[in-house]
file entry.txt (compact mmCIF, C-alpha atoms)
# COMPACT_ATOMS: atom_id res chain seq x y z
CA MET A 1 11.79 -40.90 3.69
CA THR A 2 10.63 -37.60 2.23
CA SER A 3 8.61 -37.90 -0.99
CA ALA A 4 9.59 -36.27 -4.30
CA PRO A 5 6.61 -33.85 -4.29
CA ALA A 6 7.60 -32.68 -0.82
CA TRP A 7 11.16 -32.07 -1.97
CA ALA A 8 9.94 -30.20 -5.05
CA LEU A 9 7.72 -28.02 -2.89
CA ALA A 10 10.59 -27.35 -0.51
CA VAL A 11 12.82 -26.31 -3.41
CA ALA A 12 10.11 -24.01 -4.80
CA VAL A 13 9.67 -22.37 -1.41
CA GLY A 14 13.45 -21.94 -1.10
CA VAL A 15 13.71 -20.30 -4.51
CA LEU A 16 10.83 -17.93 -3.80
CA ALA A 17 12.20 -17.07 -0.36
CA GLY A 18 15.60 -16.36 -1.91
CA HIS A 19 14.01 -14.09 -4.51
CA ALA A 20 12.12 -12.21 -1.81
CA ALA A 21 15.33 -11.79 0.22
CA LEU A 22 17.22 -10.51 -2.85
CA ASN A 23 14.43 -8.06 -3.66
CA ALA A 24 14.38 -6.75 -0.10
CA ALA A 25 18.14 -6.49 0.28
CA ARG A 26 19.18 -5.29 -3.17
CA TRP A 27 16.33 -3.70 -5.10
CA LEU A 28 13.79 -2.33 -2.63
CA ARG A 29 14.34 1.39 -2.24
CA ARG A 30 14.61 2.92 1.22
CA PRO A 31 13.82 6.58 1.89
CA PRO A 32 16.50 8.51 3.78
CA GLY A 33 16.27 9.12 7.49
CA THR A 34 16.02 12.86 6.99
CA ALA A 35 15.51 14.96 3.88
CA THR A 36 14.56 18.40 2.62
CA THR A 37 12.59 19.38 -0.46
CA ASP A 38 11.95 22.83 -1.84
CA GLU A 39 9.36 21.58 -4.32
CA PRO A 40 5.72 22.61 -3.86
CA VAL A 41 3.97 19.51 -2.55
CA ALA A 42 0.25 18.83 -2.09
CA VAL A 43 -0.80 16.15 0.38
CA LEU A 44 -4.25 14.88 -0.56
CA LEU A 45 -6.46 13.17 2.03
CA PRO A 46 -9.83 11.64 1.01
CA LEU A 47 -12.19 10.96 3.93
CA ARG A 48 -15.50 9.20 4.37
CA ASP A 49 -16.76 8.54 7.90
CA GLU A 50 -13.28 8.66 9.44
CA ALA A 51 -14.08 10.74 12.54
CA THR A 52 -12.46 8.20 14.86
CA ARG A 53 -9.27 7.79 12.82
CA VAL A 54 -8.51 11.06 11.08
CA GLY A 55 -7.14 12.90 14.13
CA PRO A 56 -3.72 11.19 14.40
CA CYS A 57 -3.33 11.26 10.63
CA LEU A 58 -3.97 15.01 10.41
CA ARG A 59 -1.71 15.83 13.35
CA ALA A 60 1.09 13.89 11.68
CA LEU A 61 0.56 15.84 8.46
CA LEU A 62 0.66 19.16 10.31
CA ALA A 63 3.94 18.07 11.94
CA GLN A 64 5.78 17.52 8.63
CA ARG A 65 9.25 19.06 8.53
CA ASP A 66 11.48 20.43 5.79
CA VAL A 67 8.67 20.87 3.28
CA PRO A 68 8.29 24.66 3.32
CA ARG A 69 5.93 24.70 0.33
CA LEU A 70 3.44 22.21 1.70
CA GLU A 71 -0.29 22.27 1.02
CA ILE A 72 -2.79 19.85 2.59
CA VAL A 73 -6.14 19.35 0.86
CA VAL A 74 -8.77 17.30 2.68
CA LEU A 75 -11.94 16.07 0.99
CA ASP A 76 -14.99 15.10 3.02
CA ASP A 77 -16.76 12.57 0.83
CA GLY A 78 -20.30 12.60 2.20
CA SER A 79 -19.43 11.66 5.79
CA THR A 80 -22.28 11.29 8.26
CA ASP A 81 -20.23 10.88 11.46
CA GLY A 82 -18.92 14.41 11.90
CA THR A 83 -15.62 13.87 10.09
CA ALA A 84 -15.58 17.44 8.74
CA ASP A 85 -16.06 18.86 12.24
CA VAL A 86 -13.09 16.87 13.51
CA VAL A 87 -10.97 18.19 10.65
CA ARG A 88 -11.96 21.79 11.37
CA ALA A 89 -11.25 21.42 15.09
CA ILE A 90 -7.75 20.03 14.49
CA THR A 91 -6.61 22.27 11.67
CA ALA A 92 -8.19 25.47 13.05
CA ASP A 93 -6.79 28.38 11.05
CA ASP A 94 -3.69 26.63 9.69
CA PRO A 95 -3.18 28.26 6.27
CA ARG A 96 -1.66 25.07 4.84
CA VAL A 97 -4.92 23.13 5.16
CA ARG A 98 -8.01 23.37 2.99
CA LEU A 99 -11.17 21.33 3.55
CA ILE A 100 -13.43 20.77 0.57
CA THR A 101 -16.75 18.96 0.23
CA GLY A 102 -16.80 16.14 -2.27
CA ARG A 103 -19.40 15.74 -4.97
CA PRO A 104 -21.31 12.49 -5.60
CA PRO A 105 -19.54 10.35 -8.20
CA PRO A 106 -20.92 10.59 -11.76
CA PRO A 107 -22.09 7.44 -13.55
CA GLY A 108 -19.19 5.10 -14.23
CA TRP A 109 -17.08 6.31 -11.30
CA LEU A 110 -16.36 4.56 -8.01
CA GLY A 111 -16.15 6.69 -4.87
CA LYS A 112 -12.44 6.48 -4.05
CA PRO A 113 -11.11 7.29 -7.55
CA TYR A 114 -13.53 10.21 -7.85
CA ALA A 115 -12.52 11.61 -4.46
CA CYS A 116 -8.85 11.41 -5.46
CA GLN A 117 -9.54 13.02 -8.83
CA GLN A 118 -11.29 15.96 -7.16
CA LEU A 119 -8.38 16.37 -4.75
CA ALA A 120 -5.85 16.38 -7.58
CA GLU A 121 -7.86 19.02 -9.45
CA GLN A 122 -8.04 21.21 -6.34
CA ALA A 123 -4.33 20.98 -5.51
CA GLY A 124 -2.81 24.44 -5.81
CA ALA A 125 -6.15 25.99 -6.80
CA GLU A 126 -5.91 28.72 -4.19
CA GLN A 127 -2.15 29.30 -4.26
CA ALA A 128 -1.34 31.52 -7.21
CA GLY A 129 1.99 30.67 -8.79
CA ALA A 130 2.57 27.68 -6.49
CA GLU A 131 1.05 24.78 -8.41
CA PRO A 132 2.41 21.63 -6.76
CA SER A 133 4.89 19.54 -8.72
CA VAL A 134 4.29 16.48 -6.50
CA LEU A 135 1.02 14.95 -5.28
CA VAL A 136 1.01 12.77 -2.16
CA PHE A 137 -2.10 10.65 -1.63
CA VAL A 138 -2.59 9.48 1.97
CA ASP A 139 -5.35 7.45 3.63
CA ALA A 140 -6.78 8.26 7.05
CA ASP A 141 -5.33 5.15 8.66
CA VAL A 142 -1.74 6.18 7.84
CA ARG A 143 0.55 7.85 10.38
CA LEU A 144 3.51 9.68 8.84
CA ALA A 145 6.80 10.36 10.59
CA PRO A 146 7.78 14.07 10.70
CA TYR A 147 10.17 13.76 7.75
CA ALA A 148 8.02 11.31 5.71
CA VAL A 149 6.85 13.66 2.95
CA ALA A 150 10.28 15.19 2.36
CA ALA A 151 11.93 11.74 2.36
CA ALA A 152 9.35 10.30 -0.02
CA VAL A 153 9.68 13.17 -2.49
CA THR A 154 13.48 12.86 -2.33
CA THR A 155 13.21 9.12 -3.08
CA LEU A 156 10.82 9.75 -5.98
CA ARG A 157 13.31 12.09 -7.59
CA ALA A 158 16.33 9.88 -6.84
CA ALA A 159 14.58 6.99 -8.59
CA SER A 160 13.69 9.16 -11.61
CA ALA A 161 10.21 7.75 -11.17
CA THR A 162 6.77 9.10 -11.95
CA LEU A 163 5.09 7.18 -9.15
CA LEU A 164 6.59 5.95 -5.89
CA SER A 165 4.78 3.62 -3.50
CA PRO A 166 6.44 3.58 -0.05
CA TYR A 167 4.78 0.68 1.77
CA PRO A 168 4.05 1.63 5.40
CA ARG A 169 4.79 -0.58 8.38
CA ILE A 170 1.64 -2.62 8.94
CA VAL A 171 0.33 -2.42 12.49
CA ALA A 172 -1.49 -5.58 13.58
CA GLY A 173 -3.59 -5.64 16.73
CA SER A 174 -5.09 -9.12 16.57
CA GLY A 175 -4.11 -12.69 15.77
CA GLY A 176 -5.94 -12.62 12.45
CA GLU A 177 -4.13 -9.45 11.39
CA ARG A 178 -0.75 -10.90 12.35
CA LEU A 179 -1.51 -14.01 10.33
CA VAL A 180 -2.82 -12.34 7.18
CA GLN A 181 -1.35 -8.85 6.91
CA PRO A 182 2.29 -9.87 6.22
CA LEU A 183 1.05 -11.39 2.96
CA LEU A 184 0.47 -7.88 1.61
CA GLN A 185 4.20 -7.18 1.31
CA TRP A 186 5.23 -10.80 0.90
CA LEU A 187 3.24 -11.25 -2.32
CA TRP A 188 5.03 -8.59 -4.36
CA LEU A 189 8.42 -9.16 -2.71
CA THR A 190 8.22 -12.84 -3.60
CA PHE A 191 6.73 -12.79 -7.08
CA LEU A 192 7.61 -9.37 -8.55
CA PRO A 193 11.18 -8.79 -9.84
CA LEU A 194 11.66 -5.21 -8.62
CA ALA A 195 14.66 -4.38 -10.81
CA ALA A 196 12.83 -5.53 -13.94
CA MET A 197 9.67 -3.75 -12.82
CA GLU A 198 11.44 -0.39 -12.68
CA ARG A 199 13.04 -0.84 -16.10
CA SER A 200 10.19 -2.52 -17.95
CA ARG A 201 7.43 -0.68 -19.77
CA ARG A 202 5.05 -3.62 -19.29
CA PRO A 203 1.97 -2.52 -17.28
CA SER A 204 1.60 -6.08 -15.95
CA LEU A 205 4.82 -5.58 -13.96
CA ALA A 206 3.36 -3.16 -11.46
CA ALA A 207 2.43 -2.88 -7.81
CA ALA A 208 1.36 -0.03 -5.57
CA GLY A 209 -0.34 0.61 -2.27
CA GLY A 210 -2.93 3.36 -2.16
CA GLN A 211 -2.40 4.13 1.53
CA PHE A 212 0.65 6.27 0.67
CA LEU A 213 1.37 7.22 -2.95
CA VAL A 214 3.77 9.87 -4.22
CA VAL A 215 3.28 11.02 -7.81
CA ASP A 216 4.92 13.54 -10.10
CA ARG A 217 2.02 15.77 -11.05
CA ALA A 218 2.92 16.15 -14.72
CA GLY A 219 3.29 12.38 -15.06
CA TYR A 220 0.01 11.86 -13.24
CA GLN A 221 -1.76 14.11 -15.72
CA ARG A 222 -0.13 12.37 -18.70
CA ALA A 223 -1.44 9.06 -17.37
CA GLY A 224 -4.96 10.48 -17.22
CA GLY A 225 -5.07 10.81 -13.45
CA HIS A 226 -7.70 8.88 -11.54
CA ALA A 227 -10.05 9.36 -14.47
CA ALA A 228 -8.07 6.60 -16.16
CA VAL A 229 -9.01 4.21 -13.33
CA ARG A 230 -12.45 5.59 -12.52
CA ASP A 231 -14.21 2.21 -12.30
CA ARG A 232 -11.43 0.14 -10.73
CA VAL A 233 -11.65 -1.25 -7.20
CA LEU A 234 -7.85 -1.57 -7.00
CA GLU A 235 -7.31 1.96 -8.24
CA ASP A 236 -3.78 2.12 -6.81
CA ILE A 237 -2.40 -0.76 -8.90
CA GLU A 238 -4.35 0.38 -11.95
CA LEU A 239 -2.95 3.90 -11.58
CA ALA A 240 0.57 2.45 -11.55
CA ARG A 241 -0.24 0.56 -14.75
CA ALA A 242 -1.69 3.71 -16.33
CA VAL A 243 1.54 5.55 -15.49
CA LYS A 244 3.51 2.84 -17.29
CA ARG A 245 1.24 2.93 -20.31
CA SER A 246 1.88 6.66 -20.61
CA GLY A 247 5.66 6.13 -20.60
CA GLY A 248 6.31 6.78 -16.91
CA ARG A 249 8.26 4.72 -14.41
CA ILE A 250 7.18 3.36 -11.05
CA ALA A 251 9.18 2.36 -7.99
CA LEU A 252 8.48 0.67 -4.67
CA ALA A 253 10.07 1.56 -1.34
CA ASP A 254 10.26 0.23 2.18
CA GLY A 255 8.32 2.94 3.97
CA SER A 256 8.36 1.28 7.38
CA ARG A 257 10.60 3.96 8.88
CA ILE A 258 8.50 6.86 7.67
CA ALA A 259 4.91 5.59 7.86
CA SER A 260 2.71 3.11 9.68
CA CYS A 261 -0.80 1.90 8.94
CA ARG A 262 -3.43 -0.25 10.60
CA MET A 263 -5.68 -1.12 7.67
CA TYR A 264 -8.28 -3.20 9.50
CA GLU A 265 -9.38 -3.23 13.11
CA SER A 266 -11.51 -6.39 13.19
CA TRP A 267 -11.64 -9.81 11.59
CA ALA A 268 -14.79 -8.80 9.68
CA GLU A 269 -13.02 -5.76 8.15
CA LEU A 270 -9.99 -7.91 7.31
CA ARG A 271 -12.12 -10.62 5.67
CA ASP A 272 -14.24 -8.20 3.67
CA GLY A 273 -11.24 -6.11 2.59
CA TYR A 274 -9.23 -9.03 1.27
CA ALA A 275 -12.28 -10.66 -0.32
CA LYS A 276 -12.91 -7.46 -2.27
CA SER A 277 -9.25 -7.14 -3.26
CA LEU A 278 -8.90 -10.75 -4.40
CA TRP A 279 -12.16 -10.54 -6.36
CA ALA A 280 -11.04 -7.33 -8.08
CA ALA A 281 -7.56 -8.67 -8.80
CA PHE A 282 -8.63 -12.00 -10.29
CA GLY A 283 -12.16 -11.27 -11.47
CA HIS A 284 -13.61 -14.64 -10.58
CA PRO A 285 -14.03 -16.77 -7.45
CA ALA A 286 -11.99 -19.53 -9.07
CA GLY A 287 -9.00 -17.19 -9.48
CA ALA A 288 -9.19 -15.95 -5.91
CA THR A 289 -9.54 -19.53 -4.64
CA ALA A 290 -6.51 -20.62 -6.67
CA VAL A 291 -4.39 -17.88 -5.09
CA VAL A 292 -5.47 -18.85 -1.57
CA VAL A 293 -4.70 -22.52 -2.29
CA LEU A 294 -1.29 -21.56 -3.68
CA LEU A 295 -0.48 -19.54 -0.58
CA LEU A 296 -1.47 -22.45 1.63
CA LEU A 297 0.68 -24.84 -0.40
CA LEU A 298 3.70 -22.57 -0.28
CA TYR A 299 3.59 -21.35 3.29
CA ALA A 300 1.33 -23.57 5.36
CA LEU A 301 1.99 -27.02 3.96
CA PRO A 302 5.84 -27.04 4.12
CA PRO A 303 6.02 -26.71 7.94
CA VAL A 304 3.41 -29.45 8.28
CA LEU A 305 5.39 -31.71 5.94
CA ALA A 306 8.63 -30.91 7.74
CA VAL A 307 7.18 -31.87 11.10
CA GLY A 308 5.64 -35.01 9.62
CA ALA A 309 8.94 -36.00 8.00
CA ALA A 310 10.84 -35.42 11.22
CA LEU A 311 8.42 -37.58 13.14
CA ALA A 312 8.50 -40.30 10.48
CA ASP A 313 12.31 -40.40 10.43
CA ALA A 314 12.71 -40.29 14.20
CA PRO A 315 14.30 -43.45 15.63
CA GLU A 316 12.02 -45.67 17.59
CA VAL A 317 12.71 -45.74 21.31
CA ALA A 318 12.54 -49.21 22.80
CA LEU A 319 10.96 -49.23 26.23
CA PRO A 320 12.37 -51.70 28.73
CA ALA A 321 10.19 -54.74 29.25
CA ARG A 322 8.51 -54.96 32.56
CA ARG A 323 9.38 -57.90 34.70
CA PRO A 324 6.48 -60.11 35.64
CA GLY A 325 5.25 -59.86 39.09

call {"tool": "encode", "arguments": {"input": "entry.txt", "output": "C-alpha cells"}}
result
Amino acid sequence: MTSAPAWALAVAVGVLAGHAALNAARWLRRPPGTATTDEPVAVLLPLRDEATRVGPCLRALLAQRDVPRLEIVVLDDGSTDGTADVVRAITADDPRVRLITGRPPPPGWLGKPYACQQLAEQAGAEQAGAEPSVLVFVDADVRLAPYAVAAAVTTLRAASATLLSPYPRIVAGSGGERLVQPLLQWLWLTFLPLAAMERSRRPSLAAAGGQFLVVDRAGYQRAGGHAAVRDRVLEDIELARAVKRSGGRIALADGSRIASCRMYESWAELRDGYAKSLWAAFGHPAGATAVVVLLLLLYALPPVLAVGAALADAPEVALPARRPG
C-alpha cells in the first residue's frame, strides 16, 4: 500500500507538471516561422577564446534574412587563441560587421557585463543616422536560423516588451548533458507563472537566458544597461530584473525553431557552469544544496517510489511444489 508521503509527493509532481504544461501550451510565446523587420538592429557578440566555436555562429549571423538594416558588432575580449583572426577571415570585407577590441574591466565590473556594455555603447557608432532601435545579444555557442533575428524582433514588438528571451534548443552531446540540460527550461516552466510574470512589475518574477537576448534599446538604457548589473554573475536574469525596476516588461519565448545552443561540451564544463550558476543564484552552499535535493525529490524519487510500489503490490506467484524423487 502506498504511503501518504508518497501520495503527497505524487500530487505535488502532478500539479507542477500541469503548471509546466499550461505554461508551455498557453503562455509561452513562439516566434513566427518567417518575419521581416525594417528596424535598425544591432547584433552584439562578445568573444573570449572562442576560436573553435565562433565560426558557425558568425556564418549564421551573416546569413540573416529580412533584416535590411542589420549591424553586427563583435568584441574580442582579450582572447589568446586567435579568435580575432578567425573573425577577420570569416567576415572579410562585409560592411555589416565591425570587430572591436575590448578593454580590461574597471574595478567592480565582471568581464561579461563589461563586454556587453562596450558592445551596446558601440552599436550604431559608425552608422550616422542609423542608431539601432533593437539590441540582440548572442553568445558564440548559439546558432541562429536565417530568419531568427527578424522573428525575434517581431515577437518583441508583438509582446509590447522591453526585453525578450527566446530560449534556444539545447543541443546535448553526452549522457550528462541529456540528464542535466533539460532542467534549464524545466525550472522556469514549472515554477514561474509566465502570464503573471509579463503583467507583474515585481523584479522577483523574472527569467532570462543570456545566450540570446533581444532588447529595446531605449528600454535598455532606461534600465541602466549592463552597468546596472556590472558585478553580477547571472547578468542575464539581473538585467531582466533591472528592466522591470525601470518600468519595462519582459517576455519569454520558445526559441527552439530559430536558435540552437550547445552550452557545455564536457562533464567538467557542465559541472563548473551549473555550480557557478547555483552559487550565484542562491548565494550560499546550503541554498544550492536545497535546490538540488528538491529536484531529486520531485523528479528522481517519484519513479523510484512508483517502481517500489508496483513491486510491493504485485501478487505473489506460487511455484508448483516439486515431487520427491

call {"tool": "residues_around", "arguments": {"input": "entry.txt", "residues": "A:Val41", "least_positions_apart": "6", "cutoff": "7 Å", "atoms": "all atoms listed in the file", "output": "ChimeraX atom specification"}}
result
/A:69-71,132-135

call {"tool": "closest_residue", "arguments": {"input": "entry.txt", "among": "A:Pro95, A:Gly78, A:Gly225, A:Gly247", "to": "A:Pro46", "atoms": "all atoms listed in the file"}}
result
A:Gly78

call {"tool": "residues_around", "arguments": {"input": "entry.txt", "residues": "stretch 207-214 of chain A", "least_positions_apart": "2", "cutoff": "6 Å", "atoms": "all atoms listed in the file", "output": "JSON, numbers by chain"}}
result
{"A": [135, 136, 137, 138, 139, 163, 164, 165, 236, 237]}

call {"tool": "write_last_selection", "arguments": {"input": "entry.txt", "atoms": "C-alpha atoms", "output": "PDB file, in the coordinates of the input"}}
result
ATOM      1  CA  LEU A 135       1.020  14.950  -5.280  1.00  0.00           C
ATOM      2  CA  VAL A 136       1.010  12.770  -2.160  1.00  0.00           C
ATOM      3  CA  PHE A 137      -2.100  10.650  -1.630  1.00  0.00           C
ATOM      4  CA  VAL A 138      -2.590   9.480   1.970  1.00  0.00           C
ATOM      5  CA  ASP A 139      -5.350   7.450   3.630  1.00  0.00           C
ATOM      6  CA  LEU A 163       5.090   7.180  -9.150  1.00  0.00           C
ATOM      7  CA  LEU A 164       6.590   5.950  -5.890  1.00  0.00           C
ATOM      8  CA  SER A 165       4.780   3.620  -3.500  1.00  0.00           C
ATOM      9  CA  ASP A 236      -3.780   2.120  -6.810  1.00  0.00           C
ATOM     10  CA  ILE A 237      -2.400  -0.760  -8.900  1.00  0.00           C
TER      11      ILE A 237
END

call {"tool": "closest_residue", "arguments": {"input": "entry.txt", "among": "A:Ala152, A:Leu239, A:Leu252, A:Leu47", "to": "A:Met197", "atoms": "all atoms listed in the file"}}
result
A:Leu252

call {"tool": "residues_near_point", "arguments": {"input": "entry.txt", "point": "(-10.9, 14.5, -5.7)", "cutoff": "6 Å", "atoms": "all atoms listed in the file", "output": "compact mmCIF listing (two decimals) with C-alpha atoms, in the coordinates of the input"}}
result
# COMPACT_ATOMS: atom_id res chain seq x y z
CA TYR A 114 -13.53 10.21 -7.85
CA ALA A 115 -12.52 11.61 -4.46
CA CYS A 116 -8.85 11.41 -5.46
CA GLN A 117 -9.54 13.02 -8.83
CA GLN A 118 -11.29 15.96 -7.16
CA LEU A 119 -8.38 16.37 -4.75
CA ALA A 120 -5.85 16.38 -7.58

call {"tool": "atom_distance", "arguments": {"input": "entry.txt", "atom1": "atom CA of A:Arg230", "atom2": "atom CA of A:Pro105"}}
result
9.6 Å

call {"tool": "closest_residue", "arguments": {"input": "entry.txt", "among": "A:Ala89, A:Ala253, A:Ala228, A:Ala195", "to": "A:Arg59", "atoms": "only C-alpha atoms"}}
result
A:Ala89

call {"tool": "atom_distance", "arguments": {"input": "entry.txt", "atom1": "atom CA of A:Thr34", "atom2": "atom CA of A:Tyr220"}}
result
25.8 Å

call {"tool": "residues_near_point", "arguments": {"input": "entry.txt", "point": "(-18.3, 12.8, 2.8)", "cutoff": "10 Å", "atoms": "all atoms listed in the file", "output": "PyMOL selection string"}}
result
chain A and resi 46-50+75-84+100-104+115

call {"tool": "residues_around", "arguments": {"input": "entry.txt", "residues": "A:Lys244", "least_positions_apart": "6", "cutoff": "8 Å", "atoms": "only C-alpha atoms", "output": "PyMOL selection string"}}
result
chain A and resi 201-203+223+250
